[in-house]
Amino acid sequence: MVADTSTHTTKPSIGDYLRNNIREYGLLVALVIIMLFFQFVTSGVLFRPVNLTNLVLQNSFIVIMALGMLLIIVAGHIDLSVGSIVAFIGAISAIMLVKWGLPAFVVVPACLVVGGILGAAQGYWVAYQKIPSFIVTLAGMLVFRGLTYVVLGGRPIGPFPKEFQILSTGFVPDFLYFLSPSPEVIKNMVALVAVLALVGYAIYAGLRDRRLNDQHGTDNEPFIFFAVQMAVIGVVALFIGFQLATYRGLPNVLIVMGVLIALYTFVTTRSTIGRRIYAMGGNEKAAKLSGINTERLTFYAFVNMGVLAALAGMIITARLNSATPKAGVGFELDVIAACFIGGASASGGVGKITGAVIGAFIMGVMNNGMSIMGIGIDYQQLIKGLVLLAAVFFDVYNKNKGKG
Amino acid sequence: MDNIILEMRSITKTFPGVKALDNVSFKVREGEIHALVGENGAGKSTLMKVLSGVYPAGTYEGEIHYDGKARQFRTISDSEELGIIIIHQELALVPLLSIAENIFLGNEIANNGVIHWPQTFARTQELLKKVGLNESPATLITDIGVGKQQLVEIAKALSKKVRLLILDEPTASLNESDSDALLKLLMEFRKQGMTSIIISHKLNEIRKVADQITILRDGGTVETLDCHKEDISEDRIIKGMVGRAMEDRYPPREPNIGDVLLEVKNWNVFHQHHRDRQFLHDVNFNVRAGEVVGIAGLMGAGRTETAMSLFGRSWGHKITGEVTMRGQPVDVSTIPRAIKAGLAYVTEDRKQLGLVLINNIKDNTTLANLSAVASSGVIDERKERKVAADYRSKLRIRSHSIYQETVNLSGGNQQKVVLSKWLFTSPEVLILDEPTRGIDIGAKYEIYTIINQLAAEGKGILMISSEMPELLGTCDRIYVMNEGRIVAELSKEEASQESIMRAIMRSGEKH
């Protein structure tokens, strides 16, 4: 209540800037360090083309669900049922594909709709009946898991037709193969060109935003940070692109994931819906009194989560080529952990898509790296738990330090 | 002659970038009521936090002498041990525990961790008697009003063998009769030899009870006035607080009153929770263009409930009545509809209900009318920045930029952000519920100036306030409410503190 009345504006120094944004940079740095660490201890297996491809395939569904979960958490809620929704959607997609023989182009949208309905069924109780989301989705978790057993009759169903498997194991065909300078090394030119184009666009867009900010007198991050950040991201992206290009190219899932990340980043940072979700999570009563239909917003956040969980469910089922009653057990915890590692606040109103995505990758790289090292599932869980705690402690510590 | 119980010498406390206290000295005599006044941000609360050990010894410069010895308080319990008890503005009671449990929370009468209930209740009875509170020790905190909760806090302090009681804005959320009772209690304690420090914005109350008044301004001591040596007027105190004489606390205005804008007829509302209890009875009122209309009344008279039930039925149940705007019936059944009809409601509780505190000024400013800075659901950042920057300069919101989080603003500036939000919805009638609660005198003046400007632009203002001088100083017409009814309508000429109180008292006899 004292420091607030100052009217003077001072340009923040580089040190101040680093201190204020330590969370975002810290996360990125942590991911890079973790990757380098596992690259080192696995004697280079982590970054091998095959393993990188696997890494993407294994983590895509966590990333996809983290996008929806972040909205739920920012809105001030939680969804424990996503693991069970994954299993249930896997089960009904299997029934539709294998037992009923429906084509994939019918089954995929149908499953997304069912996911939306499952989300809506939970969102209704949370939004309109004001039952805490923890309880509603805990019930959902049990109900949908139970339904999965009922639908599958306790037995796995598979295998699936090829056009369904494309969803998770397919690759973008190399229609640019004729550009390849040496087809022996670079087996997929699309991957390389796409990554080059993306990095180019990111730098262009970044520079454009900085120029616009300058024109409107908005503070930019110091150029050195921008440059270093762009360089790190660029180098990592190009490296990964190159590695993927030497194997089978871009997995379809990577494209789906990339498009969804871009879409949800846009929704959370630029759209009125995103802004309202943040406001609602920050102070639901104030948001309501500002004319925001908080019930509807909550309801749709759960519908959205259901749809994304359904997509993730199909990707997993297609990848395993079999629907099993135990699919997706514990996934909700990985997804929620990804959001919290990414800086989301358990009390709502705070969190970023980029944070959740990086959080998901941190979890993913650790899963993958520890598996390569041959660390058992028991220790993997233990280490992941400690990482989650450490990340959140880092947040709290920074916040308290900021208060002085 | 007089015993000095507490002396704080040259206290300096620095936060990153700001000197919150600069060489402050403060002396309190044993057995007196010492008032500590100053605008928000003057350093009153910081000084008390230094005293109570919230800011531990070593984080500030200077010395504290208490009871004849230099002291170094490292934690709150250090100071509590010596009988220094602070009661904060936001009460620290657990709503779902009983009075007795709250009083002995952390200090239970127990044997090896097993609570001795009979003794606890007996001790509580004693304490409650001392503070004049007639409630059962088993009553839950949530079931008693704020005034009584304040008394429970004091009883809790008494249970800890208090010698120096510090009250931070004890009457800020109390109505007149509860405030009076509290002040009487303090005077009673003074007779018994207890020392109190009271921080307050209510200068009339301070004049009533204080033996000495210390004034802080911008983190420094301005002066200490002895109320027994001279008669200290409110204007004298204000002069010390703001550093200039404030001839007129209310900016002058030439009312230019037009046609009736908002008219509410036969407004009946049932209680939000006790659903069979009618809370508002046939409330009728109107607001004209360019007019500032006040609603006076005691706490619980139904003023806020009237406003909130009108604003999109955000309070109450089974709401019936007729609302017209410029003679046309309007639909105010939901908040978006009420906003569309031209209403805006600036809540009395800006932290809980007005602002998203973790969001910045810009986001809060556009929140109620986000679609005006967006096209097909996408926010136009440049437009939004411009809107926020315009309101920031127009309402003179002091902050380093529109990106400052509202949690870090002072009360007055927070209130201006809430006003910005509602002005951006271009309302015809603004309902202001306690618009100056908890904000300092300088900022109050600015809020009044904004109100005058809005009235001059032809907007209708409905102002709810518990501070009668404020209503008398700003309103063209005042309705008086009591027990869910409008019991009087007074013109500017008829209105006075006496006529308002008389209307309330008389209506009390009738029902």
# chains A, B, ... in the order shown; residues from 1 in each chain; ligands from 1
>>> residues_around(residues="Leu164 (chain B)", least_positions_apart="4", cutoff="9 Å", atoms="only C-alpha atoms", output="number ranges by chain")
B: 5-6, 30-31, 82-86, 194-197
>>> interface_residues(of="chain B", to="chain A", cutoff="8 Å", atoms="only C-alpha atoms", output="PyMOL selection string")
chain B and resi 15-18+20+40-43+314+335-336+339+352-359+363+367-368+370-371+374+377-381+398-401+408-410
>>> write_last_selection(atoms="C-alpha atoms", output="mmCIF file, in the first residue's frame")
data_model
loop_
_atom_site.group_PDB
_atom_site.id
_atom_site.type_symbol
_atom_site.label_atom_id
_atom_site.label_comp_id
_atom_site.auth_asym_id
_atom_site.auth_seq_id
_atom_site.Cartn_x
_atom_site.Cartn_y
_atom_site.Cartn_z
ATOM 1 C CA PHE B 15 10.981 -1.315 0.515
ATOM 2 C CA PRO B 16 12.678 -1.911 -2.816
ATOM 3 C CA GLY B 17 12.601 1.533 -4.404
ATOM 4 C CA VAL B 18 10.467 3.234 -1.771
ATOM 5 C CA ALA B 20 7.849 3.814 3.395
ATOM 6 C CA ASN B 40 -3.533 6.124 2.648
ATOM 7 C CA GLY B 41 0.108 5.399 1.983
ATOM 8 C CA ALA B 42 1.252 7.773 4.693
ATOM 9 C CA GLY B 43 2.832 4.871 6.536
ATOM 10 C CA SER B 314 -27.372 -10.133 -8.723
ATOM 11 C CA ILE B 335 -26.389 -8.352 -15.736
ATOM 12 C CA PRO B 336 -25.676 -8.081 -19.472
ATOM 13 C CA ILE B 339 -25.711 -3.023 -18.712
ATOM 14 C CA GLN B 352 -13.896 -8.902 -3.799
ATOM 15 C CA LEU B 353 -16.477 -7.807 -6.341
ATOM 16 C CA GLY B 354 -15.051 -4.938 -8.349
ATOM 17 C CA LEU B 355 -11.637 -5.871 -9.633
ATOM 18 C CA VAL B 356 -9.751 -8.878 -10.855
ATOM 19 C CA LEU B 357 -6.842 -7.948 -8.641
ATOM 20 C CA ILE B 358 -4.262 -10.165 -10.336
ATOM 21 C CA ASN B 359 -5.029 -8.535 -13.675
ATOM 22 C CA ASP B 363 -7.684 -5.759 -18.583
ATOM 23 C CA LEU B 367 -13.714 -6.183 -18.870
ATOM 24 C CA ALA B 368 -17.372 -5.130 -18.820
ATOM 25 C CA LEU B 370 -14.765 -6.210 -24.067
ATOM 26 C CA SER B 371 -16.675 -6.504 -27.325
ATOM 27 C CA ALA B 374 -12.834 -6.554 -30.297
ATOM 28 C CA GLY B 377 -14.130 -12.239 -30.811
ATOM 29 C CA VAL B 378 -10.562 -11.063 -31.417
ATOM 30 C CA ILE B 379 -9.274 -8.286 -29.214
ATOM 31 C CA ASP B 380 -7.770 -5.307 -30.993
ATOM 32 C CA GLU B 381 -4.853 -4.676 -28.670
ATOM 33 C CA ARG B 398 -1.557 6.989 -10.536
ATOM 34 C CA SER B 399 0.411 3.978 -11.720
ATOM 35 C CA HIS B 400 3.550 3.373 -13.716
ATOM 36 C CA SER B 401 1.582 2.159 -16.710
ATOM 37 C CA ASN B 408 -0.600 -2.948 -6.247
ATOM 38 C CA LEU B 409 -2.693 0.208 -6.511
ATOM 39 C CA SER B 410 -3.873 2.289 -3.582
#
>>> closest_residue(among="A:Pro251, A:Gly313, A:Gly234, A:Pro49", to="Val185 (chain A)", atoms="only C-alpha atoms")
A:Pro49
>>> residues_around(residues="Lys160 (chain B)", least_positions_apart="2", cutoff="10 Å", atoms="only C-alpha atoms", output="PDB file with C-alpha atoms, in the first residue's frame")
ATOM      1  CA  GLU B  80       2.093 -10.211  21.941  1.00  0.00           C
ATOM      2  CA  GLU B  81       3.972 -11.636  24.881  1.00  0.00           C
ATOM      3  CA  LEU B  82       4.473  -8.113  26.157  1.00  0.00           C
ATOM      4  CA  GLY B  83       0.817  -7.259  25.688  1.00  0.00           C
ATOM      5  CA  ILE B  84       0.984  -5.460  22.359  1.00  0.00           C
ATOM      6  CA  ILE B  85      -2.002  -6.694  20.389  1.00  0.00           C
ATOM      7  CA  ILE B 103     -11.058 -16.247  21.116  1.00  0.00           C
ATOM      8  CA  PHE B 104      -8.761 -19.026  22.254  1.00  0.00           C
ATOM      9  CA  ASN B 107      -4.053 -20.121  22.830  1.00  0.00           C
ATOM     10  CA  ILE B 154     -11.307  -7.185  21.201  1.00  0.00           C
ATOM     11  CA  ALA B 155     -12.345  -9.951  23.584  1.00  0.00           C
ATOM     12  CA  LYS B 156      -9.645 -12.081  22.010  1.00  0.00           C
ATOM     13  CA  ALA B 157      -7.129  -9.321  22.650  1.00  0.00           C
ATOM     14  CA  LEU B 158      -8.276  -9.099  26.272  1.00  0.00           C
ATOM     15  CA  VAL B 162      -3.391  -6.793  26.423  1.00  0.00           C
ATOM     16  CA  ARG B 163      -1.613  -3.659  27.609  1.00  0.00           C
TER      17      ARG B 163
END
>>> residues_around(residues="region 211-226 of chain B", least_positions_apart="2", cutoff="8 Å", atoms="only C-alpha atoms", output="number ranges by chain")
B: 19-26, 32-39, 41-44, 209, 228-230, 232, 237, 240-242
>>> write_last_selection(atoms="C-alpha atoms", output="compact mmCIF listing (two decimals), in the first residue's frame")
# COMPACT_ATOMS: atom_id res chain seq x y z
CA LYS B 19 11.07 4.73 1.63
CA ALA B 20 7.85 3.81 3.39
CA LEU B 21 8.89 5.33 6.72
CA ASP B 22 11.46 8.07 6.96
CA ASN B 23 12.79 8.85 10.38
CA VAL B 24 9.43 8.52 12.13
CA SER B 25 9.18 9.16 15.84
CA PHE B 26 6.14 8.23 17.83
CA GLU B 32 -4.26 7.16 26.76
CA ILE B 33 -6.06 6.73 23.48
CA HIS B 34 -3.64 7.81 20.84
CA ALA B 35 -4.94 8.37 17.33
CA LEU B 36 -2.72 7.80 14.33
CA VAL B 37 -3.97 9.55 11.23
CA GLY B 38 -2.77 10.18 7.73
CA GLU B 39 -3.75 9.60 4.15
CA GLY B 41 0.11 5.40 1.98
CA ALA B 42 1.25 7.77 4.69
CA GLY B 43 2.83 4.87 6.54
CA LYS B 44 0.42 4.20 9.41
CA VAL B 209 -12.02 9.79 21.93
CA HIS B 228 -6.31 18.38 26.14
CA LYS B 229 -4.20 21.48 25.54
CA GLU B 230 -6.22 22.88 22.66
CA ILE B 232 -8.47 20.35 17.65
CA ILE B 237 -6.28 17.60 11.40
CA GLY B 240 -1.83 18.35 8.83
CA MET B 241 -2.69 15.30 6.76
CA VAL B 242 -2.77 16.88 3.34
>>> decode(residues="region 63-102 of chain B", atoms="N, CA and C atoms", output="tab-separated table (two decimals), in the first residue's frame")
chain	number	residue	atom	x	y	z
B	63	GLU	N	14.81	2.61	16.78
B	63	GLU	CA	14.68	1.85	18.02
B	63	GLU	C	13.25	1.87	18.52
B	64	ILE	N	12.89	0.79	19.19
B	64	ILE	CA	11.59	0.74	19.84
B	64	ILE	C	11.83	0.60	21.34
B	65	HIS	N	11.29	1.54	22.11
B	65	HIS	CA	11.34	1.40	23.56
B	65	HIS	C	9.93	1.15	24.05
B	66	TYR	N	9.79	0.07	24.79
B	66	TYR	CA	8.47	-0.27	25.29
B	66	TYR	C	8.61	-0.61	26.77
B	67	ASP	N	7.80	0.05	27.58
B	67	ASP	CA	7.82	-0.27	28.99
B	67	ASP	C	9.22	-0.05	29.58
B	68	GLY	N	9.90	1.00	29.08
B	68	GLY	CA	11.18	1.38	29.67
B	68	GLY	C	12.39	0.67	29.13
B	69	LYS	N	12.21	-0.28	28.21
B	69	LYS	CA	13.37	-1.01	27.71
B	69	LYS	C	13.39	-0.99	26.18
B	70	ALA	N	14.58	-1.07	25.61
B	70	ALA	CA	14.68	-1.20	24.16
B	70	ALA	C	14.27	-2.62	23.79
B	71	ARG	N	13.48	-2.74	22.74
B	71	ARG	CA	12.97	-4.06	22.37
B	71	ARG	C	13.28	-4.37	20.93
B	72	GLN	N	13.44	-5.66	20.68
B	72	GLN	CA	13.65	-6.14	19.32
B	72	GLN	C	12.63	-7.24	19.07
B	73	PHE	N	11.58	-6.91	18.37
B	73	PHE	CA	10.56	-7.93	18.11
B	73	PHE	C	10.88	-8.66	16.82
B	74	ARG	N	11.01	-9.98	16.91
B	74	ARG	CA	11.33	-10.74	15.71
B	74	ARG	C	10.08	-11.34	15.08
B	75	THR	N	9.08	-11.61	15.91
B	75	THR	CA	7.83	-12.16	15.39
B	75	THR	C	6.68	-11.49	16.11
B	76	ILE	N	5.48	-11.78	15.64
B	76	ILE	CA	4.31	-11.18	16.28
B	76	ILE	C	4.17	-11.69	17.70
B	77	SER	N	4.56	-12.96	17.91
B	77	SER	CA	4.37	-13.48	19.26
B	77	SER	C	5.30	-12.80	20.26
B	78	ASP	N	6.46	-12.29	19.77
B	78	ASP	CA	7.34	-11.53	20.65
B	78	ASP	C	6.61	-10.32	21.24
B	79	SER	N	5.91	-9.61	20.37
B	79	SER	CA	5.24	-8.39	20.84
B	79	SER	C	3.98	-8.74	21.64
B	80	GLU	N	3.31	-9.82	21.21
B	80	GLU	CA	2.09	-10.21	21.94
B	80	GLU	C	2.42	-10.60	23.37
B	81	GLU	N	3.57	-11.22	23.55
B	81	GLU	CA	3.97	-11.64	24.88
B	81	GLU	C	4.02	-10.46	25.85
B	82	LEU	N	4.39	-9.31	25.32
B	82	LEU	CA	4.47	-8.11	26.16
B	82	LEU	C	3.17	-7.32	26.17
B	83	GLY	N	2.11	-7.90	25.60
B	83	GLY	CA	0.82	-7.26	25.69
B	83	GLY	C	0.51	-6.27	24.58
B	84	ILE	N	1.30	-6.32	23.51
B	84	ILE	CA	0.98	-5.46	22.36
B	84	ILE	C	0.15	-6.28	21.39
B	85	ILE	N	-1.11	-5.92	21.24
B	85	ILE	CA	-2.00	-6.69	20.39
B	85	ILE	C	-2.55	-5.78	19.30
B	86	ILE	N	-2.48	-6.26	18.08
B	86	ILE	CA	-2.98	-5.46	16.96
B	86	ILE	C	-4.21	-6.13	16.36
B	87	ILE	N	-5.24	-5.33	16.12
B	87	ILE	CA	-6.44	-5.85	15.46
B	87	ILE	C	-6.50	-5.21	14.08
B	88	HIS	N	-6.37	-6.05	13.07
B	88	HIS	CA	-6.28	-5.52	11.72
B	88	HIS	C	-7.65	-5.17	11.17
B	89	GLN	N	-7.58	-4.36	10.13
B	89	GLN	CA	-8.81	-3.92	9.48
B	89	GLN	C	-9.62	-5.11	8.97
B	90	GLU	N	-8.92	-6.02	8.29
B	90	GLU	CA	-9.59	-7.26	7.88
B	90	GLU	C	-9.51	-8.21	9.08
B	91	LEU	N	-10.66	-8.50	9.63
B	91	LEU	CA	-10.69	-9.28	10.86
B	91	LEU	C	-10.13	-10.68	10.63
B	92	ALA	N	-9.41	-11.17	11.62
B	92	ALA	CA	-8.77	-12.47	11.49
B	92	ALA	C	-9.54	-13.51	12.27
B	93	LEU	N	-10.81	-13.67	11.94
B	93	LEU	CA	-11.62	-14.67	12.64
B	93	LEU	C	-11.98	-15.78	11.66
B	94	VAL	N	-12.15	-16.98	12.21
B	94	VAL	CA	-12.54	-18.10	11.37
B	94	VAL	C	-14.07	-18.18	11.39
B	95	PRO	N	-14.70	-17.96	10.25
B	95	PRO	CA	-16.16	-17.80	10.23
B	95	PRO	C	-16.93	-19.00	10.76
B	96	LEU	N	-16.43	-20.20	10.50
B	96	LEU	CA	-17.23	-21.38	10.86
B	96	LEU	C	-16.86	-21.97	12.22
B	97	LEU	N	-16.07	-21.23	12.98
B	97	LEU	CA	-15.82	-21.65	14.36
B	97	LEU	C	-16.62	-20.75	15.30
B	98	SER	N	-16.81	-21.21	16.51
B	98	SER	CA	-17.61	-20.45	17.46
B	98	SER	C	-16.82	-19.29	18.04
B	99	ILE	N	-17.53	-18.41	18.73
B	99	ILE	CA	-16.87	-17.27	19.37
B	99	ILE	C	-15.78	-17.77	20.32
B	100	ALA	N	-16.12	-18.76	21.14
B	100	ALA	CA	-15.16	-19.26	22.13
B	100	ALA	C	-13.93	-19.85	21.45
B	101	GLU	N	-14.16	-20.63	20.39
B	101	GLU	CA	-13.04	-21.24	19.69
B	101	GLU	C	-12.14	-20.18	19.07
B	102	ASN	N	-12.76	-19.12	18.54
B	102	ASN	CA	-11.97	-18.06	17.94
B	102	ASN	C	-11.15	-17.30	18.97
